[in-house]
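For reference, start.pdb (PDB, C-alpha atoms, pLDDT in the B column):
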```pdb
ATOM      1  CA  ASP I1331     -42.901   3.657 106.843  1.00 63.00           C
ATOM      2  CA  ALA I1332     -39.623   5.485 106.431  1.00 61.00           C
ATOM      3  CA  MET I1333     -37.788   4.000 103.527  1.00 92.00           C
ATOM      4  CA  VAL I1334     -35.579   4.295 100.456  1.00 95.00           C
ATOM      5  CA  ILE I1335     -37.476   4.220  97.167  1.00 96.00           C
ATOM      6  CA  GLN I1336     -36.048   3.676  93.722  1.00 97.00           C
ATOM      7  CA  ASN I1337     -37.780   4.240  90.406  1.00 94.00           C
ATOM      8  CA  PRO I1338     -38.145   2.605  88.070  1.00 95.00           C
ATOM      9  CA  ARG I1339     -37.495  -0.915  89.329  1.00 95.00           C
ATOM     10  CA  TYR I1340     -36.662  -2.076  85.811  1.00 96.00           C
ATOM     11  CA  GLN I1341     -35.300   0.131  83.049  1.00 97.00           C
ATOM     12  CA  VAL I1342     -34.588  -0.840  79.475  1.00 96.00           C
ATOM     13  CA  THR I1343     -32.643   1.557  77.289  1.00 95.00           C
ATOM     14  CA  GLN I1344     -30.861   1.459  73.982  1.00 96.00           C
ATOM     15  CA  PHE I1345     -27.140   1.645  73.478  1.00 96.00           C
ATOM     16  CA  GLY I1346     -26.122   5.297  73.733  1.00 96.00           C
ATOM     17  CA  LYS I1347     -29.546   6.600  74.826  1.00 97.00           C
ATOM     18  CA  PRO I1348     -29.328   8.662  78.040  1.00 96.00           C
ATOM     19  CA  VAL I1349     -31.140   7.290  81.059  1.00 97.00           C
ATOM     20  CA  THR I1350     -31.933   8.669  84.519  1.00 97.00           C
ATOM     21  CA  LEU I1351     -32.528   6.582  87.615  1.00 97.00           C
ATOM     22  CA  SER I1352     -34.250   8.043  90.651  1.00 97.00           C
ATOM     23  CA  CYS I1353     -33.872   7.549  94.395  1.00 97.00           C
ATOM     24  CA  SER I1354     -35.868   9.134  97.174  1.00 97.00           C
ATOM     25  CA  GLN I1355     -35.766   8.705 100.936  1.00 97.00           C
ATOM     26  CA  THR I1356     -38.032   9.519 103.839  1.00 94.00           C
ATOM     27  CA  LEU I1357     -35.359   8.810 106.461  1.00 91.00           C
ATOM     28  CA  ASN I1358     -34.032  12.382 106.388  1.00 92.00           C
ATOM     29  CA  HIS I1359     -30.524  10.975 106.113  1.00 92.00           C
ATOM     30  CA  ASN I1360     -27.630  13.274 105.241  1.00 92.00           C
ATOM     31  CA  VAL I1361     -25.794  10.880 102.954  1.00 91.00           C
ATOM     32  CA  MET I1362     -26.982   9.219  99.762  1.00 93.00           C
ATOM     33  CA  TYR I1363     -24.915   6.693  97.820  1.00 93.00           C
ATOM     34  CA  TRP I1364     -25.086   5.104  94.387  1.00 95.00           C
ATOM     35  CA  TYR I1365     -23.685   1.604  93.860  1.00 95.00           C
ATOM     36  CA  GLN I1366     -23.414  -0.523  90.736  1.00 96.00           C
ATOM     37  CA  GLN I1367     -23.735  -4.272  91.133  1.00 96.00           C
ATOM     38  CA  LYS I1368     -23.143  -6.645  88.249  1.00 95.00           C
ATOM     39  CA  SER I1369     -24.146 -10.279  88.342  1.00 90.00           C
ATOM     40  CA  SER I1370     -22.294 -12.292  90.999  1.00 87.00           C
ATOM     41  CA  GLN I1371     -20.147  -9.287  91.898  1.00 91.00           C
ATOM     42  CA  ALA I1372     -19.868  -7.058  94.918  1.00 92.00           C
ATOM     43  CA  PRO I1373     -21.659  -3.704  94.955  1.00 93.00           C
ATOM     44  CA  LYS I1374     -19.251  -1.033  93.736  1.00 92.00           C
ATOM     45  CA  LEU I1375     -19.567   2.517  95.010  1.00 91.00           C
ATOM     46  CA  LEU I1376     -19.894   5.053  92.189  1.00 94.00           C
ATOM     47  CA  PHE I1377     -20.291   8.261  94.212  1.00 90.00           C
ATOM     48  CA  HIS I1378     -22.048   9.725  97.194  1.00 91.00           C
ATOM     49  CA  TYR I1379     -23.474  12.999  98.465  1.00 92.00           C
ATOM     50  CA  TYR I1380     -22.923  14.238 101.994  1.00 89.00           C
ATOM     51  CA  ASP I1381     -25.606  16.893 102.085  1.00 90.00           C
ATOM     52  CA  LYS I1382     -24.817  18.881  98.931  1.00 91.00           C
ATOM     53  CA  ASP I1383     -21.176  17.845  98.783  1.00 90.00           C
ATOM     54  CA  PHE I1384     -20.551  15.473  95.891  1.00 91.00           C
ATOM     55  CA  ASN I1385     -17.835  12.808  96.231  1.00 88.00           C
ATOM     56  CA  ASN I1386     -16.876  10.868  93.149  1.00 88.00           C
ATOM     57  CA  GLU I1387     -14.946   7.592  93.322  1.00 87.00           C
ATOM     58  CA  ALA I1388     -11.693   7.801  91.391  1.00 85.00           C
ATOM     59  CA  ASP I1389     -12.573   4.970  89.012  1.00 89.00           C
ATOM     60  CA  THR I1390     -16.158   5.993  88.255  1.00 93.00           C
ATOM     61  CA  PRO I1391     -16.439   6.624  84.495  1.00 94.00           C
ATOM     62  CA  ASP I1392     -17.324  10.134  83.330  1.00 94.00           C
ATOM     63  CA  ASN I1393     -20.359   8.606  81.676  1.00 95.00           C
ATOM     64  CA  PHE I1394     -21.979   8.491  85.129  1.00 97.00           C
ATOM     65  CA  GLN I1395     -23.242  11.678  86.721  1.00 96.00           C
ATOM     66  CA  SER I1396     -25.405  12.442  89.713  1.00 96.00           C
ATOM     67  CA  ARG I1397     -27.654  15.200  91.014  1.00 96.00           C
ATOM     68  CA  ARG I1398     -29.133  15.819  94.436  1.00 97.00           C
ATOM     69  CA  PRO I1399     -31.621  18.684  94.193  1.00 96.00           C
ATOM     70  CA  ASN I1400     -32.734  18.352  97.814  1.00 95.00           C
ATOM     71  CA  THR I1401     -32.284  16.142 100.888  1.00 94.00           C
ATOM     72  CA  SER I1402     -34.878  13.615  99.774  1.00 95.00           C
ATOM     73  CA  PHE I1403     -33.960  12.978  96.143  1.00 97.00           C
ATOM     74  CA  CYS I1404     -30.898  11.835  94.280  1.00 97.00           C
ATOM     75  CA  PHE I1405     -30.567  10.962  90.584  1.00 97.00           C
ATOM     76  CA  LEU I1406     -28.114   8.858  88.621  1.00 97.00           C
ATOM     77  CA  ASP I1407     -27.635   9.931  85.012  1.00 97.00           C
ATOM     78  CA  ILE I1408     -25.952   7.656  82.512  1.00 97.00           C
ATOM     79  CA  ARG I1409     -25.161   9.848  79.530  1.00 96.00           C
ATOM     80  CA  SER I1410     -24.373   7.204  76.928  1.00 96.00           C
ATOM     81  CA  PRO I1411     -25.086   3.710  78.230  1.00 97.00           C
ATOM     82  CA  GLY I1412     -22.975   0.899  76.902  1.00 96.00           C
ATOM     83  CA  LEU I1413     -23.622  -2.816  77.047  1.00 96.00           C
ATOM     84  CA  GLY I1414     -21.198  -3.024  79.958  1.00 95.00           C
ATOM     85  CA  ASP I1415     -23.380  -0.699  82.029  1.00 97.00           C
ATOM     86  CA  ALA I1416     -26.146  -3.276  82.340  1.00 97.00           C
ATOM     87  CA  ALA I1417     -26.372  -3.928  86.064  1.00 97.00           C
ATOM     88  CA  MET I1418     -28.403  -3.448  89.219  1.00 97.00           C
ATOM     89  CA  TYR I1419     -28.079   0.119  90.483  1.00 98.00           C
ATOM     90  CA  LEU I1420     -28.491   0.460  94.207  1.00 96.00           C
ATOM     91  CA  CYS I1421     -29.208   3.612  96.144  1.00 96.00           C
ATOM     92  CA  ALA I1422     -28.365   3.679  99.845  1.00 94.00           C
ATOM     93  CA  THR I1423     -28.614   6.245 102.605  1.00 93.00           C
ATOM     94  CA  SER I1424     -27.011   6.794 105.984  1.00 90.00           C
ATOM     95  CA  ARG I1425     -27.352   9.366 108.709  1.00 88.00           C
ATOM     96  CA  GLY I1426     -23.621  10.108 108.886  1.00 82.00           C
ATOM     97  CA  GLN I1427     -20.876   9.680 106.358  1.00 72.00           C
ATOM     98  CA  PHE I1428     -19.800   6.061 106.096  1.00 63.00           C
ATOM     99  CA  THR I1429     -19.633   5.151 109.770  1.00 66.00           C
ATOM    100  CA  ASP I1430     -23.353   4.828 110.142  1.00 75.00           C
ATOM    101  CA  THR I1431     -25.305   1.900 108.818  1.00 84.00           C
ATOM    102  CA  GLN I1432     -26.300   2.176 105.165  1.00 88.00           C
ATOM    103  CA  TYR I1433     -29.865   1.293 104.190  1.00 90.00           C
ATOM    104  CA  PHE I1434     -30.471   0.176 100.645  1.00 93.00           C
ATOM    105  CA  GLY I1435     -33.373   0.772  98.321  1.00 95.00           C
ATOM    106  CA  PRO I1436     -34.806  -2.081  96.228  1.00 95.00           C
ATOM    107  CA  GLY I1437     -32.567  -1.289  93.259  1.00 96.00           C
ATOM    108  CA  THR I1438     -33.124  -0.573  89.573  1.00 97.00           C
ATOM    109  CA  ARG I1439     -32.254  -3.310  87.094  1.00 96.00           C
ATOM    110  CA  LEU I1440     -30.877  -1.665  83.948  1.00 97.00           C
ATOM    111  CA  THR I1441     -30.876  -3.494  80.641  1.00 97.00           C
ATOM    112  CA  VAL I1442     -29.027  -2.012  77.650  1.00 96.00           C
ATOM    113  CA  LEU I1443     -30.067  -3.266  74.217  1.00 95.00           C
TER     114      LEU I1443
ATOM    115  CA  GLN V 464      -5.316  -2.505  97.138  1.00 67.00           C
ATOM    116  CA  LYS V 465      -7.929  -2.616  99.864  1.00 71.00           C
ATOM    117  CA  GLU V 466      -9.850  -5.846  99.694  1.00 88.00           C
ATOM    118  CA  VAL V 467     -12.530  -7.895 101.386  1.00 93.00           C
ATOM    119  CA  GLU V 468     -12.312 -11.607 100.711  1.00 95.00           C
ATOM    120  CA  GLN V 469     -15.072 -14.168 101.035  1.00 95.00           C
ATOM    121  CA  ASN V 470     -15.418 -17.742  99.854  1.00 91.00           C
ATOM    122  CA  SER V 471     -17.995 -17.546  97.077  1.00 89.00           C
ATOM    123  CA  GLY V 472     -19.411 -20.993  97.831  1.00 89.00           C
ATOM    124  CA  PRO V 473     -21.935 -22.347  97.442  1.00 95.00           C
ATOM    125  CA  LEU V 474     -21.937 -23.348 101.085  1.00 96.00           C
ATOM    126  CA  SER V 475     -24.488 -26.089 101.672  1.00 97.00           C
ATOM    127  CA  VAL V 476     -25.795 -26.624 105.220  1.00 97.00           C
ATOM    128  CA  PRO V 477     -28.553 -28.951 106.454  1.00 97.00           C
ATOM    129  CA  GLU V 478     -31.636 -27.347 107.930  1.00 97.00           C
ATOM    130  CA  GLY V 479     -31.263 -26.853 111.675  1.00 97.00           C
ATOM    131  CA  ALA V 480     -27.448 -26.843 111.594  1.00 97.00           C
ATOM    132  CA  ILE V 481     -25.084 -23.917 112.159  1.00 98.00           C
ATOM    133  CA  ALA V 482     -23.933 -22.024 109.075  1.00 97.00           C
ATOM    134  CA  SER V 483     -20.534 -20.349 109.392  1.00 97.00           C
ATOM    135  CA  LEU V 484     -19.586 -17.564 106.991  1.00 97.00           C
ATOM    136  CA  ASN V 485     -16.125 -16.053 106.963  1.00 97.00           C
ATOM    137  CA  CYS V 486     -14.553 -12.834 105.743  1.00 96.00           C
ATOM    138  CA  THR V 487     -11.033 -11.407 105.783  1.00 96.00           C
ATOM    139  CA  TYR V 488     -10.043  -7.831 105.059  1.00 93.00           C
ATOM    140  CA  SER V 489      -6.834  -6.054 104.186  1.00 89.00           C
ATOM    141  CA  ASP V 490      -7.134  -2.658 105.944  1.00 80.00           C
ATOM    142  CA  ARG V 491      -5.659  -2.860 109.453  1.00 78.00           C
ATOM    143  CA  VAL V 492      -7.306   0.361 110.637  1.00 81.00           C
ATOM    144  CA  SER V 493     -10.866  -0.636 109.731  1.00 82.00           C
ATOM    145  CA  GLN V 494     -13.291  -0.141 112.615  1.00 82.00           C
ATOM    146  CA  SER V 495     -16.760  -0.880 111.235  1.00 89.00           C
ATOM    147  CA  PHE V 496     -17.965  -4.175 109.837  1.00 94.00           C
ATOM    148  CA  PHE V 497     -21.306  -5.190 108.423  1.00 95.00           C
ATOM    149  CA  TRP V 498     -23.056  -8.319 107.212  1.00 97.00           C
ATOM    150  CA  TYR V 499     -25.748  -7.952 104.574  1.00 96.00           C
ATOM    151  CA  ARG V 500     -28.072 -10.635 103.219  1.00 97.00           C
ATOM    152  CA  GLN V 501     -29.032 -10.465  99.557  1.00 96.00           C
ATOM    153  CA  TYR V 502     -31.677 -12.625  97.937  1.00 96.00           C
ATOM    154  CA  SER V 503     -31.388 -13.192  94.203  1.00 92.00           C
ATOM    155  CA  GLY V 504     -32.492 -10.103  92.286  1.00 90.00           C
ATOM    156  CA  LYS V 505     -33.032  -8.092  95.472  1.00 92.00           C
ATOM    157  CA  SER V 506     -31.053  -5.393  97.258  1.00 93.00           C
ATOM    158  CA  PRO V 507     -28.803  -6.014 100.275  1.00 94.00           C
ATOM    159  CA  GLU V 508     -30.483  -6.108 103.679  1.00 93.00           C
ATOM    160  CA  LEU V 509     -28.504  -5.396 106.859  1.00 93.00           C
ATOM    161  CA  ILE V 510     -28.186  -8.388 109.176  1.00 95.00           C
ATOM    162  CA  MET V 511     -25.546  -7.334 111.689  1.00 94.00           C
ATOM    163  CA  SER V 512     -23.012  -4.628 112.403  1.00 94.00           C
ATOM    164  CA  ILE V 513     -20.008  -5.079 114.670  1.00 95.00           C
ATOM    165  CA  TYR V 514     -17.384  -2.624 115.811  1.00 92.00           C
ATOM    166  CA  SER V 515     -15.525  -4.266 118.733  1.00 92.00           C
ATOM    167  CA  ASN V 516     -13.528  -7.454 119.062  1.00 94.00           C
ATOM    168  CA  GLY V 517     -15.508 -10.438 120.262  1.00 96.00           C
ATOM    169  CA  ASP V 518     -19.003 -11.719 119.646  1.00 96.00           C
ATOM    170  CA  LYS V 519     -22.261  -9.897 119.047  1.00 97.00           C
ATOM    171  CA  GLU V 520     -25.498 -11.859 119.116  1.00 97.00           C
ATOM    172  CA  ASP V 521     -28.884 -10.979 117.640  1.00 96.00           C
ATOM    173  CA  GLY V 522     -31.419 -13.778 117.647  1.00 96.00           C
ATOM    174  CA  ARG V 523     -30.094 -16.671 115.567  1.00 97.00           C
ATOM    175  CA  PHE V 524     -27.222 -14.563 114.251  1.00 98.00           C
ATOM    176  CA  THR V 525     -23.808 -14.063 115.873  1.00 98.00           C
ATOM    177  CA  ALA V 526     -21.109 -11.852 114.405  1.00 97.00           C
ATOM    178  CA  GLN V 527     -17.516 -12.423 115.499  1.00 97.00           C
ATOM    179  CA  LEU V 528     -14.675  -9.951 115.028  1.00 96.00           C
ATOM    180  CA  ASN V 529     -10.941 -10.408 115.462  1.00 95.00           C
ATOM    181  CA  LYS V 530      -9.125  -7.244 114.414  1.00 92.00           C
ATOM    182  CA  ALA V 531      -5.678  -8.678 115.095  1.00 92.00           C
ATOM    183  CA  SER V 532      -6.344 -11.429 112.571  1.00 93.00           C
ATOM    184  CA  GLN V 533      -8.365  -9.112 110.297  1.00 93.00           C
ATOM    185  CA  TYR V 534     -11.177 -11.604 110.347  1.00 95.00           C
ATOM    186  CA  VAL V 535     -14.919 -11.295 110.757  1.00 97.00           C
ATOM    187  CA  SER V 536     -17.469 -14.093 110.687  1.00 97.00           C
ATOM    188  CA  LEU V 537     -21.210 -14.657 110.836  1.00 98.00           C
ATOM    189  CA  LEU V 538     -22.805 -17.675 112.467  1.00 98.00           C
ATOM    190  CA  ILE V 539     -26.404 -18.601 111.755  1.00 98.00           C
ATOM    191  CA  ARG V 540     -27.877 -21.043 114.271  1.00 98.00           C
ATOM    192  CA  ASP V 541     -30.840 -23.312 113.555  1.00 97.00           C
ATOM    193  CA  SER V 542     -30.529 -22.610 109.832  1.00 97.00           C
ATOM    194  CA  GLN V 543     -33.795 -22.327 107.928  1.00 97.00           C
ATOM    195  CA  PRO V 544     -34.454 -22.680 104.186  1.00 96.00           C
ATOM    196  CA  SER V 545     -35.368 -18.962 104.187  1.00 96.00           C
ATOM    197  CA  ASP V 546     -31.743 -18.229 105.149  1.00 97.00           C
ATOM    198  CA  SER V 547     -30.668 -19.376 101.685  1.00 97.00           C
ATOM    199  CA  ALA V 548     -29.183 -16.246 100.115  1.00 97.00           C
ATOM    200  CA  THR V 549     -25.891 -14.525  99.359  1.00 97.00           C
ATOM    201  CA  TYR V 550     -24.225 -12.995 102.405  1.00 98.00           C
ATOM    202  CA  LEU V 551     -22.098  -9.915 101.794  1.00 97.00           C
ATOM    203  CA  CYS V 552     -19.369  -8.826 104.156  1.00 96.00           C
ATOM    204  CA  ALA V 553     -18.743  -5.065 104.102  1.00 94.00           C
ATOM    205  CA  VAL V 554     -15.857  -3.229 105.741  1.00 91.00           C
ATOM    206  CA  LEU V 555     -15.404   0.490 106.215  1.00 86.00           C
ATOM    207  CA  MET V 556     -12.020   1.322 104.746  1.00 77.00           C
ATOM    208  CA  TYR V 557      -9.833   4.307 105.511  1.00 70.00           C
ATOM    209  CA  SER V 558      -7.100   6.251 103.764  1.00 66.00           C
ATOM    210  CA  GLY V 559      -4.998   9.218 104.808  1.00 62.00           C
ATOM    211  CA  GLY V 560      -7.905  11.535 104.072  1.00 60.00           C
ATOM    212  CA  GLY V 561     -10.382   9.677 106.239  1.00 63.00           C
ATOM    213  CA  ALA V 562     -13.070   7.116 105.582  1.00 65.00           C
ATOM    214  CA  ASP V 563     -13.152   5.881 102.007  1.00 66.00           C
ATOM    215  CA  GLY V 564     -16.404   4.062 102.221  1.00 75.00           C
ATOM    216  CA  LEU V 565     -17.699   0.536 102.416  1.00 85.00           C
ATOM    217  CA  THR V 566     -15.842  -2.140 100.523  1.00 89.00           C
ATOM    218  CA  PHE V 567     -17.947  -5.210  99.898  1.00 92.00           C
ATOM    219  CA  GLY V 568     -16.831  -8.771  99.421  1.00 94.00           C
ATOM    220  CA  LYS V 569     -18.295 -10.692  96.512  1.00 93.00           C
ATOM    221  CA  GLY V 570     -20.478 -12.646  98.900  1.00 95.00           C
ATOM    222  CA  THR V 571     -20.935 -16.248  99.969  1.00 96.00           C
ATOM    223  CA  HIS V 572     -23.857 -18.109  98.466  1.00 96.00           C
ATOM    224  CA  LEU V 573     -25.514 -20.104 101.265  1.00 97.00           C
ATOM    225  CA  ILE V 574     -27.900 -22.973 100.580  1.00 97.00           C
ATOM    226  CA  ILE V 575     -29.895 -24.485 103.433  1.00 97.00           C
ATOM    227  CA  GLN V 576     -30.983 -27.990 102.516  1.00 95.00           C
ATOM    228  CA  PRO V 577     -34.389 -29.067 103.921  1.00 92.00           C
TER     229      PRO V 577
END
```
File written out as structure tokens:
Amino acid sequence: DAMVIQNPRYQVTQFGKPVTLSCSQTLNHNVMYWYQQKSSQAPKLLFHYYDKDFNNEADTPDNFQSRRPNTSFCFLDIRSPGLGDAAMYLCATSRGQFTDTQYFGPGTRLTVL
Amino acid sequence: QKEVEQNSGPLSVPEGAIASLNCTYSDRVSQSFFWYRQYSGKSPELIMSIYSNGDKEDGRFTAQLNKASQYVSLLIRDSQPSDSATYLCAVLMYSGGGADGLTFGKGTHLIIQP
């Protein structure tokens, strides 16, 4: 089945230790998004790729970076995780930019010790 | 500040009754509206999308949109215990440069009581 896959589902890291989260899709969608969702809060868009074009939200900390080496894969790098970065990280895809429906992966729960 | 407002709840509804979830948004030019369901610890799952004023029905779900009032709602008929979840309203927001992306509300926690 076509889908959005995130690995790992659960990630534990230490304060300040870099971590990479992975997202892949078999939908052949042009756009891939990364959201951060903290407990009882709304998902917050960090950035998105439209094809190879990277679009960063104005309030996304520099600590968060992303790479999209090809259509199918997108990575979220957290260079120096802090305790406040513990959250669910959601990857989503859409065919077109924003106006099309976004489909979410299962998420990666990040714990920072 | 572009915002999407939802009552956080919890909203408690007896099994078999109609659950009514409401959402207001601040951006007058928004054209695309979505309802997502999110179970605890899981990712959001699309329930409905709506783009035009009026009602849109899909099975037990009906989305209602009133752009003049900047109001969108979701009705769930014949509520089932499996409908217990958080329902997120998402609105596509725009700025002078074009679409800014989806802004989500914090969600309404719905509890269906057997």
Practice problem: Please identify all polymer residues within 7 Å of Met511 in chain V, counting all atoms listed in the file, omitting same-chain residues fewer than 4 positions from it, and present them as a list in words. | Solution: Phe497, Trp498 and Ala526 of chain V
Quiz item: Leaving out Lys519 in chain V and any residue of its chain fewer than 3 positions from it, which residues lie within 12 Å of it when counting only C-alpha atoms, given as a list in words?
Solution: Phe496, Phe497, Trp498, Ile510, Met511, Ser512, Ile513, Tyr514, Ser515, Asn516, Gly522, Arg523, Phe524, Thr525, Ala526, Gln527, Leu528, Asn529, Val535, Ser536, Leu537 and Leu538 of chain V
Quiz item: Do you know which residues are at most 9 Å from Thr1438 in chain I counting all atoms listed in the file, after dropping those on the same chain fewer than 3 positions away, and could you put them as a list in words?
Solution: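 The residues satisfying every condition are Gln1336, Asn1337, Pro1338, Arg1339, Tyr1340, Gln1341, Leu1351, Ser1352, Ala1417, Met1418, Tyr1419, Leu1420, Cys1421 and Gly1435 of chain I.
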Specify the axis-aligned box that encloses all atoms of range 1409-1424 of chain I listed in the file after padding of 4 Å on each side, stating its centre and edge lengths in Å to one decimal as AutoDock Vina command-line options.
```
--center_x -25.2 --center_y 3.0 --center_z 91.4 --size_x 16.0 --size_y 21.8 --size_z 37.1
```
Quiz item: Pick from V:Gln533, V:Ser471, V:Gln576, V:Ser506: nearest to Val1334 in chain I, with all atoms listed in the file counted?
Solution: V:Ser506
Exercise. Would you give me, as a list in words, the residues of chain I that come within 9 Å of chain V, using all atoms listed in the file?
Key: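 Within 9 Å of chain V on chain I, we get Ser1370, Gln1371, Ala1372, Pro1373, Lys1374, Leu1375, Met1418, Leu1420, Gln1427, Phe1428, Thr1429, Asp1430, Thr1431, Gln1432, Tyr1433, Phe1434, Gly1435, Pro1436, Gly1437 and Arg1439 of chain I.
If you look at CA of Gln543 in chain V and CA of Ala480 in chain V, they are 8.6 Å away from each other.
Closest approach to Gln1366 in chain I from the set I:Glu1387, I:Asp1407, I:Asp1381, I:Asp1415 is made by I:Asp1415, with distances taken over all atoms listed in the file.
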